[in-house]
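S.K.: One structure is given below, represented as structure tokens, and several questions about it will come after.
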There are 2 protein chains.
Amino acid sequence: MTNRRSLPSLLAIALFASFAAAQDPLPSWNDGHSKQSIVQFVTDVTRQGGSKFVPVDQRIATFDNDGTLWVEQPIYTQFIFAIARVKALAPKHPEWKQQQPFKAVLDGDMKALGASGERGMVQIMMATHTGMTTDQFETNVKDWIRTAQHPRFHRPYTKCVYQPMLELLVYLRANRFKTYIVSGGGIEFMRAWAEQVYGIPPEQVIGSAIKTRFEMQNGAPVLLRLPEVDFVDDKAGKPVGIQKFIGRRPVAAFGNSDGDQQMLEWTAAGPGARLMLLVHHTDAVREYAYDRQSSIGTLNKALDEANAKGWVVVDMKRDWKTIFPR
Amino acid sequence: MTNRRSLPSLLAIALFASFAAAQDPLPSWNDGHSKQSIVQFVTDVTRQGGSKFVPVDQRIATFDNDGTLWVEQPIYTQFIFAIARVKALAPKHPEWKQQQPFKAVLDGDMKALGASGERGMVQIMMATHTGMTTDQFETNVKDWIRTAQHPRFHRPYTKCVYQPMLELLVYLRANRFKTYIVSGGGIEFMRAWAEQVYGIPPEQVIGSAIKTRFEMQNGAPVLLRLPEVDFVDDKAGKPVGIQKFIGRRPVAAFGNSDGDQQMLEWTAAGPGARLMLLVHHTDAVREYAYDRQSSIGTLNKALDEANAKGWVVVDMKRDWKTIFPR
């Protein structure tokens with residue numbers, strides 16, 4: 001990287017920008033209403049002097065993560081990580097062999113795990129996500145995600161991201177949008193890999209969080225992760241998180257479930273041109289098909305609102321040429 | 001603003017950058033150790049191939065606000081705003097004429113106000129900072145700060161900012177640093193004017209916060225400000241806030257009080273080149289002189305640590321040619 005771009009590199013950027021504009025920015029999207037709506041919106045808000053022009057500093061686009069940018073079935077990836085951590089930590093916790101919900105994880109007893117309910121989930125999350133420094137947690141996530149594979153697709157989770165959405169992120173940034181993740185998932189879990197996978201830096205990742213405490217360990221300052229919820233960035237928490245972290249209302253928002261409904265409502269309520277989009281999982285062959293009845297990524301009320309208000313609903317099976325990157 | 005920079009404008013930027021580099025980037029700073037330390041640090045971390053080079057994405061610089069970027073004496077500006085709001089809201093609260101601490105504010109009785117202590121301060125802050133939507137609060141702050149004047153300097157508070165620090169912000173950004181505010185002050189109070197005054201956009205302002213709640217009012221979504229503290233971004237809260245909002249450790253941090261000590265410690269503890277700087281208020285003639293004994297902006301333990309560890313301590317009287325912008 002350079003500290004000040006040289007004139008030749010500026011020329012190269014300008015030339016590449018002209019070249020790129022002549023190409024299809026969304027090659028993995030089939031022609032149709034969804035793609036047209038996206039391209040029309042970006043064209044409108046970037047047309048200087050046009051009635052829908054949006055200044056660069058207000059080009060904020062927010063993306064849900066699970067089910068919008070990457071696969072969330074058969075279960076959230078972060079929970080797979082938590083299960084792997086329980087197994088890794090088990091030798092230090094001999095009591096877990098007799099203690100639910102840890103016993104269920106170690107025995108691979110999914111029925112008992114399910115029976116432990118939300119309380120069991122929270123116990124597993126706290127045992128695996130707190131009690132260490134922020135640096136140590138980041139290392140844990142990076143070490144795991146480097147090798148872990150999706151059980152059905154047999155590829156790394158970081159390759160179970162949606163190619164059409166990667167293109168959309170790049171397309172928006174090329175048009176000087178600032179792209180954010182706004183996810184119910186853990187903020188530090190995502191920050192460990194989001195820059196490499198999505199090109200989204202840590203300061204543009206918003207998510208659910210536990211509290212941390214600044215303290216000295218052996219004369220060096222650390223941030224210790226505490227077993228206490230700080231913020232839940234889901235449903236009505238998403239607009240709250242957006243205002244807290246960004247302080248501006250997005251002009252475009254992308255989701256796939258009822259957890260994103262309030263984020264899209266908040267985005268829609270601003271003045272001027274707006275783009276609200278839901279990814280509808282309709283492709284059981286290439287990915288998964290689920291909506292109103294699914295416990296993971298329930299898409300019910302938000303789908304009704306999208307249909308009523310004319311938000312873009314992506315039909316994954318019809319709209320996407322490919323699902324995953326090569 | 002343009003949606004894609006034209007080739008001529010890119011050329012103009014490149015030419016201007018070369019021109020600007022030949023000028024003194026910090027004209028309001030007298031030559032001496034403080035200025036030399038800043039320039040040396042920036043030169044080091046931007047020299048490609050140098051041992052102290054820092055990649056652009058890691059060039060995070062965090063600034064305290066009160067007493068570091070603008071005047072904090074005789075009392076925090078945000079509290080002056082709160083007092084003005086009590087007076088503005090008094091007609092709707094006839095009971096305040098008999099009820100402390102509001103009676104003290106309305107009577108101009110500073111002794112009684114002081115006697116109400118921290119509890120009284122919190123009551124005033126909650127009464128004036130919560131119970132409205134985020135949009136309404138932003139309007140309140142913008143309306144007030146447009147005309148309010150500092151009692152001693154008889155100029156708007158937004159002109160009671162330090163010219164040498166404005167130059168430092170511009171200098172760092174010209175060298176591709178991302179500049180953040182990390183303040184004990186209210187995040188939404190600062191966001192209402194920080195972009196115009198400091199060139200720092202809302203998403204790079206971190207501060208103390210109350211909770212908000214997403215709800216529908218007359219069919220439109222709003223965020224309602226609640227009388228409940230969400231986060232205190234002071235002392236050990238500053239590294240917590242930095243990790244929460246930015247997710248990266250700064251390489252440079254600027255403060256003026258013990259409230260900034262942990263932020264500077266957290267910054268200092270990272271690897272590679274680092275710049276830690278404290279503004280020491282030593283100029284009773286042009287601004288104020290205060291440190292260890294002051295109740296506002298106490299600089300005591302942090303000054304000892306700065307002296308022990310060789311952090312830069314700016315002597316306002318000696319180091320700054322001018323204090324305020326013209």
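Chain labels run A, B, ... following the order of the structure tokens; each chain numbers its residues from 1, and ligands are numbered from 1 in the order shown.
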If we count only C-alpha atoms, which residues of chain B reach to within 6 Å of chain A? Please list them as a PyMOL selection string.

M.R.: chain B and resi 3+46+202-203+214+236+246-247

S.K.: Please, which residues in stretch 37-97 of chain A fall within 10 Å of stretch 136-153 of chain A when counting only C-alpha atoms, and what is the closest atom pair and distance in Å to one decimal for each, ordered by chain then residue number, as a Markdown table?

M.R.:
```
| residue | atom | partner | partner_atom | distance |
| --- | --- | --- | --- | --- |
| A:Val71 | CA | A:His150 | CA | 9.1 |
| A:Gln73 | CA | A:His150 | CA | 9.5 |
| A:Pro74 | CA | A:Pro151 | CA | 8.8 |
| A:Thr77 | CA | A:His150 | CA | 8.6 |
| A:Gln78 | CA | A:Val141 | CA | 9.3 |
| A:Ile80 | CA | A:Ala148 | CA | 9.2 |
| A:Phe81 | CA | A:Trp144 | CA | 7.2 |
| A:Ala82 | CA | A:Val141 | CA | 9.7 |
| A:Ala84 | CA | A:Trp144 | CA | 8.2 |
| A:Arg85 | CA | A:Asn140 | CA | 8.4 |
```

S.K.: Go ahead and write the selection's residues with N, CA and C atoms as a PDB file, in the first residue's frame.

M.R.:
```
ATOM      1  N   VAL A  71     -24.489 -18.519   3.847  1.00  0.00           N
ATOM      2  CA  VAL A  71     -25.445 -19.572   4.209  1.00  0.00           C
ATOM      3  C   VAL A  71     -25.713 -19.576   5.714  1.00  0.00           C
ATOM      4  N   GLN A  73     -28.089 -22.050   6.911  1.00  0.00           N
ATOM      5  CA  GLN A  73     -28.651 -23.383   7.158  1.00  0.00           C
ATOM      6  C   GLN A  73     -27.521 -24.429   7.146  1.00  0.00           C
ATOM      7  N   PRO A  74     -27.632 -25.555   7.827  1.00  0.00           N
ATOM      8  CA  PRO A  74     -28.781 -25.972   8.630  1.00  0.00           C
ATOM      9  C   PRO A  74     -28.851 -25.260   9.991  1.00  0.00           C
ATOM     10  N   THR A  77     -23.661 -20.408  11.422  1.00  0.00           N
ATOM     11  CA  THR A  77     -22.246 -20.780  11.431  1.00  0.00           C
ATOM     12  C   THR A  77     -21.585 -20.486  12.773  1.00  0.00           C
ATOM     13  N   GLN A  78     -21.990 -19.370  13.394  1.00  0.00           N
ATOM     14  CA  GLN A  78     -21.377 -19.025  14.677  1.00  0.00           C
ATOM     15  C   GLN A  78     -21.675 -20.082  15.742  1.00  0.00           C
ATOM     16  N   ILE A  80     -21.980 -23.324  15.075  1.00  0.00           N
ATOM     17  CA  ILE A  80     -21.055 -24.425  14.743  1.00  0.00           C
ATOM     18  C   ILE A  80     -19.681 -24.145  15.370  1.00  0.00           C
ATOM     19  N   PHE A  81     -19.278 -22.879  15.275  1.00  0.00           N
ATOM     20  CA  PHE A  81     -18.010 -22.477  15.908  1.00  0.00           C
ATOM     21  C   PHE A  81     -18.066 -22.727  17.414  1.00  0.00           C
ATOM     22  N   ALA A  82     -19.189 -22.353  18.035  1.00  0.00           N
ATOM     23  CA  ALA A  82     -19.323 -22.520  19.487  1.00  0.00           C
ATOM     24  C   ALA A  82     -19.220 -23.998  19.875  1.00  0.00           C
ATOM     25  N   ALA A  84     -17.643 -26.333  18.206  1.00  0.00           N
ATOM     26  CA  ALA A  84     -16.235 -26.723  18.047  1.00  0.00           C
ATOM     27  C   ALA A  84     -15.401 -26.259  19.242  1.00  0.00           C
ATOM     28  N   ARG A  85     -15.727 -25.074  19.759  1.00  0.00           N
ATOM     29  CA  ARG A  85     -14.983 -24.561  20.915  1.00  0.00           C
ATOM     30  C   ARG A  85     -15.283 -25.378  22.174  1.00  0.00           C
TER      31      ARG A  85
END
```

S.K.: Contacts of B:Gly120 at 12 Å or less, counting only C-alpha atoms, minus same-chain residues fewer than 2 places along, as a PyMOL selection string?

M.R.: chain B and resi 79+83+99-105+112-118+122-127

S.K.: Contacts of A:Val312 at 8 Å or less, counting only C-alpha atoms, minus same-chain residues fewer than 2 places along, as a list of chain:residue names?

M.R.: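 Here the qualifying residues turn out to be A:Ser34, A:Ser37, A:Leu275, A:Met276, A:Leu277, A:Leu278, A:Ala306, A:Gly310, A:Val314.
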
S.K.: Keeping N, CA, C and O atoms for every residue in the selection just given, could you write it to a file as a PDB file, in the first residue's frame?

M.R.:
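Produced file selection-v2.pdb, reproduced below:
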```
ATOM      1  N   SER A  34     -35.301  -7.863 -10.282  1.00  0.00           N
ATOM      2  CA  SER A  34     -34.383  -7.624  -9.155  1.00  0.00           C
ATOM      3  C   SER A  34     -33.139  -6.878  -9.629  1.00  0.00           C
ATOM      4  O   SER A  34     -32.775  -5.827  -9.082  1.00  0.00           O
ATOM      5  N   SER A  37     -33.897  -3.358 -10.792  1.00  0.00           N
ATOM      6  CA  SER A  37     -34.179  -2.436  -9.687  1.00  0.00           C
ATOM      7  C   SER A  37     -32.892  -1.940  -9.043  1.00  0.00           C
ATOM      8  O   SER A  37     -32.765  -0.768  -8.686  1.00  0.00           O
ATOM      9  N   LEU A 275     -33.560   1.915  -1.557  1.00  0.00           N
ATOM     10  CA  LEU A 275     -33.614   0.538  -2.055  1.00  0.00           C
ATOM     11  C   LEU A 275     -33.712  -0.419  -0.871  1.00  0.00           C
ATOM     12  O   LEU A 275     -32.821  -0.447  -0.021  1.00  0.00           O
ATOM     13  N   MET A 276     -34.818  -1.154  -0.821  1.00  0.00           N
ATOM     14  CA  MET A 276     -34.996  -2.184   0.206  1.00  0.00           C
ATOM     15  C   MET A 276     -35.085  -3.529  -0.522  1.00  0.00           C
ATOM     16  O   MET A 276     -35.877  -3.659  -1.470  1.00  0.00           O
ATOM     17  N   LEU A 277     -34.298  -4.501  -0.071  1.00  0.00           N
ATOM     18  CA  LEU A 277     -34.224  -5.780  -0.790  1.00  0.00           C
ATOM     19  C   LEU A 277     -34.174  -6.949   0.195  1.00  0.00           C
ATOM     20  O   LEU A 277     -33.463  -6.884   1.203  1.00  0.00           O
ATOM     21  N   LEU A 278     -34.942  -7.993  -0.120  1.00  0.00           N
ATOM     22  CA  LEU A 278     -34.904  -9.229   0.663  1.00  0.00           C
ATOM     23  C   LEU A 278     -34.479 -10.379  -0.246  1.00  0.00           C
ATOM     24  O   LEU A 278     -34.984 -10.507  -1.364  1.00  0.00           O
ATOM     25  N   ALA A 306     -42.844  -6.552   2.310  1.00  0.00           N
ATOM     26  CA  ALA A 306     -42.131  -6.332   1.041  1.00  0.00           C
ATOM     27  C   ALA A 306     -43.098  -6.372  -0.134  1.00  0.00           C
ATOM     28  O   ALA A 306     -43.045  -5.517  -1.033  1.00  0.00           O
ATOM     29  N   GLY A 310     -43.728  -3.045  -2.248  1.00  0.00           N
ATOM     30  CA  GLY A 310     -42.923  -3.042  -3.461  1.00  0.00           C
ATOM     31  C   GLY A 310     -41.425  -3.090  -3.221  1.00  0.00           C
ATOM     32  O   GLY A 310     -40.640  -2.666  -4.066  1.00  0.00           O
ATOM     33  N   VAL A 314     -35.700 -10.886  -3.968  1.00  0.00           N
ATOM     34  CA  VAL A 314     -34.879 -11.699  -4.854  1.00  0.00           C
ATOM     35  C   VAL A 314     -35.339 -13.150  -4.779  1.00  0.00           C
ATOM     36  O   VAL A 314     -35.411 -13.715  -3.678  1.00  0.00           O
TER      37      VAL A 314
END
```

S.K.: Let's see if you can do this: from backbone DSSP, list all helix (DSSP H, G or I) residues in stretch 182-278 of chain A, as a ChimeraX atom specification.

M.R.: /A:187-191,194-198,202-204,237-245,258-268

S.K.: Of the candidates B:Thr128, B:Asn256, B:Gln58, B:Gln196, which shows the shortest atom-to-atom distance to B:Ala90, using only C-alpha atoms?

M.R.: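 That would be B:Thr128, the residue with the smallest distance to B:Ala90.
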
S.K.: Could you state the separation of atom CA of A:Gly255 and atom CA of A:Ser183 in Å, given to one decimal place?

M.R.: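 Here the two named atoms are 9.3 Å from each other.
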
S.K.: Write down as a PyMOL selection string the residues of stretch 58-170 of chain B whose backbone DSSP state falls under strand (DSSP E or B).

M.R.: chain B and resi 60-63+66+70+133+149+156+161

S.K.: Of the residues A:Trp320, A:Asn218, A:Glu167, A:Cys160, which is the one nearest to A:Asp31, using only C-alpha atoms?

M.R.: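 Of all the options, A:Trp320 lies closest to A:Asp31.
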
S.K.: Please identify all polymer residues within 12 Å of A:Val170, counting only C-alpha atoms, omitting same-chain residues fewer than 3 positions from it, and present them as a list in words.

M.R.: Ala20, Pro25, Leu26, Pro27, Ala61, Gln163, Pro164, Met165, Leu166, Glu167, Arg173, Ala174, Asn175, Arg176, Phe177, Lys178, Thr179, Val197, Tyr198, Gly199 and Ile200 of chain A

S.K.: In Å, rounded to a single decimal, give me how far atom CA of A:Val182 is from atom CA of A:Val229.

M.R.: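 That distance, rounded to one decimal, is 17.1 Å.
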
S.K.: Nearest residue to B:Val285 out of B:Lys111, B:Asp258, B:Thr322, B:His154, using only C-alpha atoms?

M.R.: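 Comparing B:Lys111, B:Asp258, B:Thr322, B:His154 against B:Val285, the winner is B:Thr322.
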
S.K.: Nearest to B:Lys35 among B:Leu106, B:Ala253, B:Leu168, B:Ala302, with distances taken over only C-alpha atoms: which residue is it?

M.R.: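 Looking only at the distances to B:Lys35, the closest residue turns out to be B:Leu168.
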
S.K.: Please compute the atom CA of B:Pro325-atom CA of B:Tyr180 distance, one decimal, in Å.

M.R.: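 One can read the atom CA of B:Pro325 to atom CA of B:Tyr180 distance as 20.6 Å.
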